[in-house]
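What's in protein_8.cif: mmCIF, C-alpha atoms
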data_input
loop_
_atom_site.label_atom_id
_atom_site.label_comp_id
_atom_site.auth_asym_id
_atom_site.auth_seq_id
_atom_site.Cartn_x
_atom_site.Cartn_y
_atom_site.Cartn_z
CA MET A 1 211.90 119.77 99.47
CA PRO A 2 214.84 120.53 101.80
CA GLU A 3 218.38 119.51 100.89
CA PHE A 4 220.61 117.25 102.98
CA SER A 5 224.36 116.65 102.88
CA TYR A 6 225.57 113.27 104.06
CA GLN A 7 228.51 110.95 104.68
CA ALA A 8 227.96 107.23 104.18
CA SER A 9 229.96 104.02 103.97
CA ASP A 10 229.76 101.72 100.95
CA GLN A 11 230.08 97.91 100.94
CA HIS A 12 233.88 98.18 100.81
CA GLY A 13 234.06 100.47 103.83
CA GLN A 14 234.94 103.58 101.83
CA ILE A 15 233.42 106.92 102.83
CA ARG A 16 231.10 108.56 100.30
CA LYS A 17 229.88 112.15 100.50
CA GLY A 18 226.99 113.73 98.67
CA THR A 19 223.82 115.77 98.75
CA LEU A 20 220.18 114.90 98.12
CA THR A 21 216.71 116.32 98.49
CA ALA A 22 214.23 114.60 100.78
CA GLU A 23 211.04 115.35 102.66
CA ASP A 24 212.66 114.81 106.04
CA LEU A 25 215.56 113.06 107.76
CA GLU A 26 213.90 109.61 107.62
CA ASP A 27 213.29 110.00 103.89
CA ALA A 28 216.95 110.97 103.40
CA VAL A 29 218.10 107.86 105.29
CA GLU A 30 215.85 105.69 103.15
CA LYS A 31 217.17 107.17 99.89
CA ILE A 32 220.76 106.64 100.98
CA ALA A 33 220.04 103.02 101.91
CA GLN A 34 218.38 102.42 98.51
CA VAL A 35 221.73 102.87 96.76
CA GLY A 36 223.52 100.38 99.04
CA LEU A 37 225.15 102.89 101.40
CA MET A 38 225.21 102.94 105.19
CA PRO A 39 224.49 106.48 106.53
CA ILE A 40 227.10 107.87 108.95
CA ASP A 41 226.24 111.56 109.19
CA ILE A 42 223.33 113.51 107.68
CA LYS A 43 222.92 117.27 107.96
CA LYS A 44 220.22 119.51 106.64
CA GLY A 45 221.51 121.97 104.04
CA GLY A 46 223.49 121.27 100.86
CA LYS A 47 226.45 122.87 99.23
CA HIS A 48 225.61 123.14 95.55
CA ASP A 49 227.48 125.85 93.69
CA SER A 50 225.48 128.74 92.33
CA GLY A 51 226.18 131.79 90.23
CA LEU A 52 228.85 132.12 87.56
CA ILE A 53 231.31 129.67 89.16
CA GLY A 54 228.62 127.03 89.45
CA GLN A 55 227.65 127.52 85.80
CA LEU A 56 231.27 127.18 84.68
CA LYS A 57 231.69 123.96 86.67
CA THR A 58 228.46 122.58 85.28
CA ARG A 59 229.01 123.45 81.63
CA PHE A 60 232.74 123.31 80.96
CA LEU A 61 234.78 121.44 83.56
CA PRO A 62 235.55 117.81 82.58
CA VAL A 63 234.22 114.94 84.66
CA PRO A 64 237.07 113.20 86.55
CA PRO A 65 237.24 109.42 86.01
CA VAL A 66 236.69 108.73 89.73
CA ASP A 67 233.36 110.60 89.64
CA LEU A 68 232.27 108.75 86.50
CA ILE A 69 233.21 105.45 88.16
CA VAL A 70 231.13 106.22 91.27
CA PHE A 71 228.24 107.43 89.10
CA THR A 72 228.26 104.25 86.98
CA LYS A 73 228.68 101.98 90.00
CA GLN A 74 225.70 103.54 91.78
CA LEU A 75 223.59 103.29 88.62
CA ALA A 76 224.47 99.59 88.21
CA THR A 77 223.58 98.90 91.86
CA MET A 78 220.19 100.61 91.62
CA ILE A 79 219.28 98.87 88.36
CA ARG A 80 220.34 95.50 89.80
CA VAL A 81 218.04 95.88 92.85
CA GLY A 82 215.10 96.85 90.63
CA ILE A 83 214.81 100.62 91.16
CA PRO A 84 212.98 102.19 88.18
CA MET A 85 215.22 104.13 85.83
CA PRO A 86 213.67 107.61 86.40
CA GLN A 87 213.89 107.16 90.17
CA ALA A 88 217.49 105.94 89.88
CA PHE A 89 218.55 109.11 88.07
CA SER A 90 216.55 111.21 90.50
CA ILE A 91 218.62 109.69 93.32
CA LEU A 92 221.83 110.18 91.33
CA LYS A 93 220.91 113.82 90.73
CA ASP A 94 220.44 114.36 94.47
CA GLN A 95 223.56 112.61 95.73
CA THR A 96 226.14 113.27 93.00
CA GLU A 97 228.66 115.91 94.06
CA GLN A 98 230.15 116.55 90.61
CA PRO A 99 228.21 119.55 89.18
CA ARG A 100 228.25 118.46 85.55
CA LEU A 101 227.14 114.90 86.33
CA ARG A 102 224.38 116.29 88.54
CA LEU A 103 222.99 118.32 85.64
CA ILE A 104 223.38 115.38 83.25
CA ALA A 105 221.51 113.06 85.65
CA GLU A 106 218.65 115.57 85.74
CA ASN A 107 218.56 115.79 81.92
CA ILE A 108 218.67 111.99 81.52
CA GLN A 109 215.83 111.60 84.04
CA ARG A 110 213.75 114.08 82.06
CA ASP A 111 214.50 112.30 78.75
CA ILE A 112 213.65 108.86 80.16
CA GLU A 113 210.39 110.15 81.60
CA GLY A 114 209.65 111.51 78.12
CA GLY A 115 209.94 107.99 76.64
CA MET A 116 213.56 107.93 75.49
CA ASN A 117 215.65 104.82 76.18
CA LEU A 118 218.79 105.02 78.29
CA SER A 119 221.37 104.65 75.51
CA LYS A 120 219.91 107.55 73.51
CA ALA A 121 219.56 109.72 76.62
CA VAL A 122 223.17 109.05 77.57
CA GLY A 123 224.29 109.59 73.95
CA LYS A 124 223.14 113.22 74.15
CA HIS A 125 226.22 113.91 76.32
CA PRO A 126 229.16 112.71 74.18
CA LYS A 127 231.77 114.77 76.05
CA VAL A 128 231.12 112.73 79.22
CA PHE A 129 229.91 109.37 77.88
CA SER A 130 231.97 107.92 75.03
CA VAL A 131 230.65 106.15 71.94
CA MET A 132 231.70 102.85 73.47
CA PHE A 133 229.84 103.65 76.71
CA CYS A 134 226.61 104.37 74.79
CA SER A 135 227.01 101.35 72.49
CA MET A 136 227.51 98.95 75.39
CA ILE A 137 224.49 100.35 77.20
CA GLU A 138 222.46 99.85 74.02
CA ALA A 139 223.68 96.24 73.84
CA GLY A 140 222.80 95.74 77.51
CA GLU A 141 219.30 97.13 76.97
CA THR A 142 218.77 94.88 73.95
CA SER A 143 219.98 91.72 75.71
CA GLY A 144 218.45 92.54 79.11
CA THR A 145 221.85 92.39 80.82
CA LEU A 146 222.33 96.08 81.58
CA PRO A 147 223.75 95.63 85.13
CA GLU A 148 226.36 93.16 83.87
CA VAL A 149 227.28 95.49 80.99
CA LEU A 150 227.67 98.39 83.42
CA ASP A 151 229.99 96.22 85.52
CA ARG A 152 232.15 95.60 82.43
CA LEU A 153 232.15 99.34 81.71
CA LEU A 154 233.28 99.99 85.27
CA TYR A 155 236.20 97.63 84.78
CA LEU A 156 237.20 99.41 81.57
CA ILE A 157 236.93 102.92 83.04
CA GLU A 158 238.92 101.91 86.12
CA HIS A 159 241.52 100.16 83.96
CA GLU A 160 242.04 103.17 81.68
CA ALA A 161 242.19 105.54 84.66
CA LYS A 162 244.91 103.31 86.13
CA VAL A 163 246.91 103.33 82.86
CA LYS A 164 246.67 107.13 82.58
CA GLY A 165 247.76 107.42 86.21
CA GLU A 166 250.82 105.27 85.51
CA ILE A 167 251.74 107.43 82.51
CA LYS A 168 251.37 110.64 84.52
CA THR A 169 253.47 109.22 87.33
CA ALA A 170 256.19 108.11 84.91
CA MET A 171 256.30 111.51 83.18
CA ARG A 172 256.13 113.66 86.31
CA TYR A 173 259.86 113.55 87.12
CA PRO A 174 261.13 114.18 83.54
CA LEU A 175 258.71 117.07 83.04
CA LEU A 176 259.67 118.58 86.40
CA VAL A 177 263.39 118.42 85.54
CA ILE A 178 262.85 119.80 82.02
CA GLY A 179 260.68 122.64 83.36
CA THR A 180 263.25 123.53 86.02
CA LEU A 181 266.02 123.39 83.42
CA ALA A 182 264.10 125.70 81.07
CA ILE A 183 263.44 128.23 83.84
CA ALA A 184 267.09 128.18 84.93
CA PHE A 185 268.18 128.67 81.31
CA LEU A 186 265.91 131.69 80.85
CA VAL A 187 267.03 133.24 84.14
CA MET A 188 270.69 132.82 83.23
CA ILE A 189 270.27 134.18 79.68
CA GLY A 190 267.87 136.96 80.60
CA PHE A 191 269.26 138.27 83.90
CA VAL A 192 272.61 136.78 84.97
CA ILE A 193 274.63 136.81 81.74
CA PRO A 194 273.84 140.48 80.84
CA ARG A 195 275.31 141.63 84.19
CA PHE A 196 278.60 139.85 83.51
CA VAL A 197 278.66 141.00 79.88
CA GLU A 198 278.72 144.63 80.96
CA PHE A 199 281.68 143.93 83.22
CA PHE A 200 283.58 141.89 80.63
CA THR A 201 282.98 144.52 77.92
CA ALA A 202 284.33 147.25 80.17
CA GLN A 203 287.51 145.23 80.64
CA LYS A 204 287.91 144.87 76.83
CA LEU A 205 288.51 141.13 77.04
CA ASP A 206 288.74 138.75 74.11
CA LEU A 207 285.68 136.69 75.06
CA PRO A 208 285.70 132.88 74.56
CA LEU A 209 283.17 131.06 72.40
CA PRO A 210 280.74 129.99 75.23
CA THR A 211 280.51 133.58 76.44
CA ARG A 212 279.92 134.92 72.92
CA LEU A 213 277.16 132.36 72.39
CA CYS A 214 275.54 133.41 75.67
CA ILE A 215 275.70 137.05 74.61
CA ILE A 216 274.01 136.25 71.28
CA MET A 217 271.25 134.26 73.02
CA SER A 218 270.80 137.01 75.59
CA GLU A 219 270.44 139.67 72.88
CA VAL A 220 267.94 137.55 70.96
CA LEU A 221 265.91 136.93 74.12
CA THR A 222 266.00 140.59 75.14
CA GLN A 223 265.08 141.99 71.74
CA TYR A 224 262.85 139.31 70.30
CA GLY A 225 261.77 137.25 73.32
CA LEU A 226 258.24 138.62 73.52
CA LEU A 227 257.80 138.35 69.76
CA CYS A 228 259.00 134.72 69.80
CA PHE A 229 256.67 133.91 72.69
CA LEU A 230 253.68 135.41 70.87
CA ALA A 231 254.66 133.58 67.67
CA VAL A 232 254.75 130.25 69.52
CA ILE A 233 251.35 130.91 71.11
CA VAL A 234 249.74 132.00 67.82
CA SER A 235 251.27 129.15 65.80
CA GLY A 236 250.20 126.65 68.45
CA PHE A 237 246.64 127.98 68.41
CA VAL A 238 246.45 128.10 64.62
CA GLY A 239 247.99 124.65 64.32
CA HIS A 240 245.53 123.17 66.81
CA ARG A 241 242.54 125.03 65.41
CA PHE A 242 243.09 124.60 61.68
CA PHE A 243 245.45 121.65 61.32
CA TYR A 244 245.30 119.15 64.18
CA ARG A 245 241.50 119.20 64.13
CA THR A 246 241.58 117.89 60.56
CA GLN A 247 241.91 114.20 59.77
CA LYS A 248 245.22 114.74 57.97
CA GLY A 249 246.62 116.80 60.85
CA ARG A 250 245.67 114.23 63.49
CA MET A 251 247.11 111.47 61.33
CA MET A 252 250.48 113.22 60.96
CA ARG A 253 250.64 114.05 64.68
CA ASP A 254 249.80 110.53 65.86
CA GLN A 255 252.15 108.89 63.35
CA ALA A 256 254.93 111.16 64.62
CA PHE A 257 254.21 110.16 68.23
CA LEU A 258 254.26 106.45 67.36
CA ALA A 259 257.61 106.88 65.58
CA LEU A 260 259.33 108.50 68.59
CA PRO A 261 262.08 106.44 70.27
CA LEU A 262 261.24 105.17 73.77
CA ILE A 263 257.77 106.76 73.72
CA GLY A 264 256.46 105.25 70.46
CA PRO A 265 256.73 101.56 71.47
CA ILE A 266 254.98 102.31 74.77
CA LEU A 267 252.11 104.05 72.98
CA VAL A 268 251.75 101.04 70.67
CA LYS A 269 251.62 98.63 73.65
CA ILE A 270 249.02 100.78 75.41
CA SER A 271 246.96 100.98 72.21
CA MET A 272 247.09 97.20 71.76
CA SER A 273 245.93 96.70 75.35
CA ARG A 274 243.10 99.19 74.80
CA PHE A 275 242.10 97.47 71.54
CA ALA A 276 242.02 94.01 73.11
CA ASN A 277 240.22 95.22 76.24
CA ILE A 278 237.50 97.17 74.41
CA LEU A 279 236.92 94.49 71.76
CA SER A 280 236.72 91.81 74.47
CA LEU A 281 234.09 93.78 76.38
CA LEU A 282 232.09 94.58 73.25
CA GLN A 283 232.12 90.95 72.11
CA SER A 284 231.10 89.64 75.54
CA SER A 285 228.28 92.23 75.60
CA GLY A 286 226.86 91.00 72.31
CA VAL A 287 227.95 93.83 70.00
CA LEU A 288 228.48 92.67 66.40
CA ILE A 289 232.08 92.56 65.19
CA LEU A 290 231.54 95.17 62.44
CA ASP A 291 229.90 97.53 64.92
CA SER A 292 232.71 96.82 67.39
CA LEU A 293 235.34 97.85 64.85
CA GLN A 294 233.43 101.03 64.08
CA ILE A 295 233.33 101.84 67.80
CA LEU A 296 237.05 101.07 68.12
CA SER A 297 237.80 103.39 65.20
CA ARG A 298 236.12 106.24 67.10
CA THR A 299 237.44 105.49 70.58
CA MET A 300 241.08 104.39 70.16
CA GLY A 301 242.40 107.93 70.61
CA ASN A 302 245.04 107.54 67.89
CA ALA A 303 244.16 108.44 64.31
CA ALA A 304 246.96 106.32 62.81
CA ILE A 305 245.69 103.15 64.48
CA SER A 306 242.02 104.07 64.03
CA ARG A 307 242.57 104.21 60.25
CA GLU A 308 243.60 100.55 60.35
CA PHE A 309 240.18 99.57 61.71
CA ASP A 310 238.49 101.12 58.68
CA LYS A 311 240.61 98.84 56.46
CA ILE A 312 239.76 95.83 58.64
CA ARG A 313 236.02 96.60 58.40
CA GLU A 314 236.22 96.67 54.61
CA MET A 315 237.93 93.24 54.59
CA LEU A 316 235.41 91.80 57.06
CA GLU A 317 232.54 92.97 54.88
CA GLU A 318 234.09 90.84 52.14
CA GLY A 319 233.67 87.77 54.37
CA GLN A 320 237.14 87.42 55.92
CA GLY A 321 237.86 86.67 59.58
CA ILE A 322 239.40 89.32 61.79
CA SER A 323 242.83 87.70 62.26
CA GLY A 324 243.66 87.82 58.55
CA PRO A 325 242.98 91.55 58.11
CA LEU A 326 244.85 92.28 61.34
CA SER A 327 248.00 90.67 59.91
CA SER A 328 247.96 93.12 56.99
CA CYS A 329 247.92 96.15 59.31
CA LYS A 330 251.01 98.02 60.42
CA TYR A 331 250.83 98.28 64.21
CA PHE A 332 249.45 94.88 65.30
CA PRO A 333 252.19 92.51 66.53
CA PRO A 334 252.28 88.80 65.60
CA MET A 335 251.44 87.61 69.13
CA LEU A 336 248.16 89.52 69.15
CA ILE A 337 247.24 88.27 65.68
CA ASN A 338 247.94 84.64 66.61
CA MET A 339 245.94 84.93 69.85
CA VAL A 340 243.01 86.41 67.93
CA ARG A 341 243.24 83.58 65.39
CA ILE A 342 243.15 80.98 68.19
CA GLY A 343 240.20 82.76 69.81
CA GLU A 344 238.27 82.77 66.53
CA ARG A 345 238.84 79.05 65.96
CA SER A 346 237.92 78.08 69.53
CA GLY A 347 234.90 80.40 69.75
CA GLN A 348 236.41 82.15 72.79
CA LEU A 349 237.55 85.40 71.22
CA ASP A 350 236.48 87.60 74.13
CA GLN A 351 238.40 85.50 76.67
CA MET A 352 241.51 85.36 74.48
CA LEU A 353 241.40 89.14 73.98
CA SER A 354 241.12 89.58 77.75
CA HIS A 355 244.36 87.60 78.20
CA VAL A 356 246.02 89.68 75.47
CA SER A 357 245.00 92.88 77.26
CA GLU A 358 246.47 91.65 80.55
CA HIS A 359 249.72 90.75 78.77
CA TYR A 360 250.10 94.18 77.18
CA ASP A 361 249.20 95.88 80.46
CA VAL A 362 252.17 94.17 82.11
CA GLU A 363 254.42 94.85 79.13
CA SER A 364 253.49 98.54 78.90
CA SER A 365 254.10 98.98 82.65
CA TYR A 366 257.53 97.39 82.21
CA LYS A 367 258.26 99.63 79.21
CA LEU A 368 257.20 102.72 81.17
CA LYS A 369 259.58 101.83 83.99
CA LYS A 370 262.35 101.12 81.50
CA MET A 371 261.74 104.49 79.80
CA THR A 372 261.85 106.31 83.14
CA ASP A 373 265.10 104.56 84.03
CA ALA A 374 266.56 105.53 80.65
CA ILE A 375 265.41 109.16 80.79
CA GLY A 376 266.98 109.72 84.23
CA PRO A 377 270.64 109.53 83.07
CA ILE A 378 269.81 111.53 79.92
CA LEU A 379 268.35 114.34 82.04
CA ILE A 380 271.34 114.27 84.39
CA VAL A 381 273.77 114.53 81.46
CA SER A 382 271.69 117.36 79.93
CA LEU A 383 271.59 119.21 83.24
CA THR A 384 275.33 118.76 83.67
CA GLY A 385 275.93 120.03 80.13
CA VAL A 386 273.84 123.17 80.63
CA VAL A 387 275.42 123.97 83.99
CA GLY A 388 278.90 123.32 82.55
CA PHE A 389 278.21 125.56 79.54
CA PHE A 390 277.17 128.51 81.71
CA ALA A 391 280.06 127.89 84.11
CA LEU A 392 282.52 128.07 81.21
CA ALA A 393 280.81 131.18 79.81
CA ILE A 394 281.27 133.01 83.12
CA TYR A 395 284.45 131.61 84.60
CA MET A 396 286.66 131.52 81.49
CA PRO A 397 286.70 135.35 81.21
CA MET A 398 287.06 135.57 84.98
CA TRP A 399 290.08 133.28 84.76
CA GLU A 400 291.57 135.45 82.01
CA LEU A 401 291.09 138.53 84.21
CA THR A 402 292.87 136.74 87.05
CA GLN A 403 295.75 135.88 84.74
CA LEU A 404 296.05 139.49 83.55
CA ALA A 405 295.96 140.77 87.12
CA GLY A 406 298.72 138.31 88.07
CA LYS A 407 300.94 139.51 85.22
CA LYS A 408 300.50 143.14 86.21
CA LEU A 409 301.54 142.31 89.76
#
Whole structure, structure tokens version:
Amino acid sequence: MPEFSYQASDQHGQIRKGTLTAEDLEDAVEKIAQVGLMPIDIKKGGKHDSGLIGQLKTRFLPVPPVDLIVFTKQLATMIRVGIPMPQAFSILKDQTEQPRLRLIAENIQRDIEGGMNLSKAVGKHPKVFSVMFCSMIEAGETSGTLPEVLDRLLYLIEHEAKVKGEIKTAMRYPLLVIGTLAIAFLVMIGFVIPRFVEFFTAQKLDLPLPTRLCIIMSEVLTQYGLLCFLAVIVSGFVGHRFFYRTQKGRMMRDQAFLALPLIGPILVKISMSRFANILSLLQSSGVLILDSLQILSRTMGNAAISREFDKIREMLEEGQGISGPLSSCKYFPPMLINMVRIGERSGQLDQMLSHVSEHYDVESSYKLKKMTDAIGPILIVSLTGVVGFFALAIYMPMWELTQLAGKKL
């Protein structure tokens, strides 16, 4: 069948682009309308990547959150209107622009047509669909509320994409300043200072301490710079490959991050929001509390906090409620524990956890802003210190030369 590229408007007025295969133009229009889109422009001929670049995009490139959100939203819409699962993934395969998702949709369609249920078919792609994603789909299939579960998943994916976006925005300015500062430092030590050193040495001056320090750093960089660079690369690779991939290595790394000033409290707040949000969604989707804690242990993204869930599961298996074990853990604040206790007693744990998540979202956003405001002056002082150090290293000998020249005159 021929391939068509299209532009269409969704129910919110946003423009969607994609490709699909259809028998003719009328069939293409019908397929687009089946997923709740209003066709704007349809042209014969697609733009799928082929060759080595296409294979790399399909096999290795990560799926951006926005593409996963659109993919999940379209799947929920098609299931809600009663489109059979194989046909739904056939449509997704045709209209999804993201190469890796397009291949995954084709594989899922094939697995479902072979008799596999959706949760197991999705679970074959763990690098794109998380454990929580697969578990919630399984709960939705069991309870017959798959569209509603997919809506909750959409909320969670969008929420976490928003949090990550806020973190990236907050860290962009500090990283830019630090990177610029590092480049300026290397340029001064590697290229500028050696030129002045030759001149100062020829004049047989008694060099001041800042200049001598610059000379030492310049010699180290010139003689051992490449070796140091290779050592950092190799140690980083070895550390990541043989240490941070181990349970002990991840634990030490994540504990160190949580103990950092300014950054550590923000990471704890974000983790508490993630815990409350995920547990709320799992509970409202009908996932058992023990299974929920196992999913949380594998999806929290922080080994130090994930270890706490293993302890909580052991206590729950002994017949305790969740609020009691939470109080014995290191990173859970009293407010969260008390809210969980109230939710357990009232039978509204999922709603209470939802409120907790909203609270920590606001608090983590405030902490991020506060951290950015605090880092700004620190960076300015650091920048001033570096510039002042190099200015002294260059101008103090120059001033001495001026003094000597004045005496001779």
> Contacts of range 333-340 of chain A at 10 Å or less, counting only C-alpha atoms, minus same-chain residues fewer than 4 places along, as a list in words?
Replying inline: Val268, Lys269, Met272, Ser273, Ala276, Gly321, Ile322, Ser323, Gly324, Pro325, Leu326, Ser327, Ser328, Cys329, Glu344, Arg345, Ser346, Gln348, Leu349, Asp350, Gln351, Met352, Leu353, His355, Val356, Ser357, His359 and Tyr360 of chain A
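Closest to Ile289 in chain A among A:Arg307, A:Arg313, A:His240, A:Arg274 is A:Arg313, based on only C-alpha atoms.
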>> What would the selection look like, as a ChimeraX atom specification, if the PyMOL selection byres ((chain A and resi 108) around 9) were run on the coordinates I just shared?
In response: /A:86,89,103-107,109-113,116,118,121-122,124
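Considering the residues A:Ala303, A:Leu68, A:Ala88, A:Leu146 and counting only C-alpha atoms, Arg245 in chain A has its shortest atom-to-atom contact with A:Ala303.
Proximity to Ala304 in chain A was assessed for A:Ile263, A:Met371, A:Val220, A:Ala256 counting only C-alpha atoms; the smallest distance is recorded for A:Ala256.
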>> Here is a test: counting only C-alpha atoms, which residue of A:Leu230, A:Val177, A:Leu296, A:Ile278 is nearest to Val381 in chain A?
In response: A:Val177
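Proximity of A:Ile157, A:Ile378, A:Leu20, A:Ile137 to Val70 in chain A, computed with all atoms listed in the file, is greatest for A:Ile157.
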> Quick one, how far is CA of Leu92 in chain A from CA of Ser143 in chain A?
Replying inline: 24.3 Å
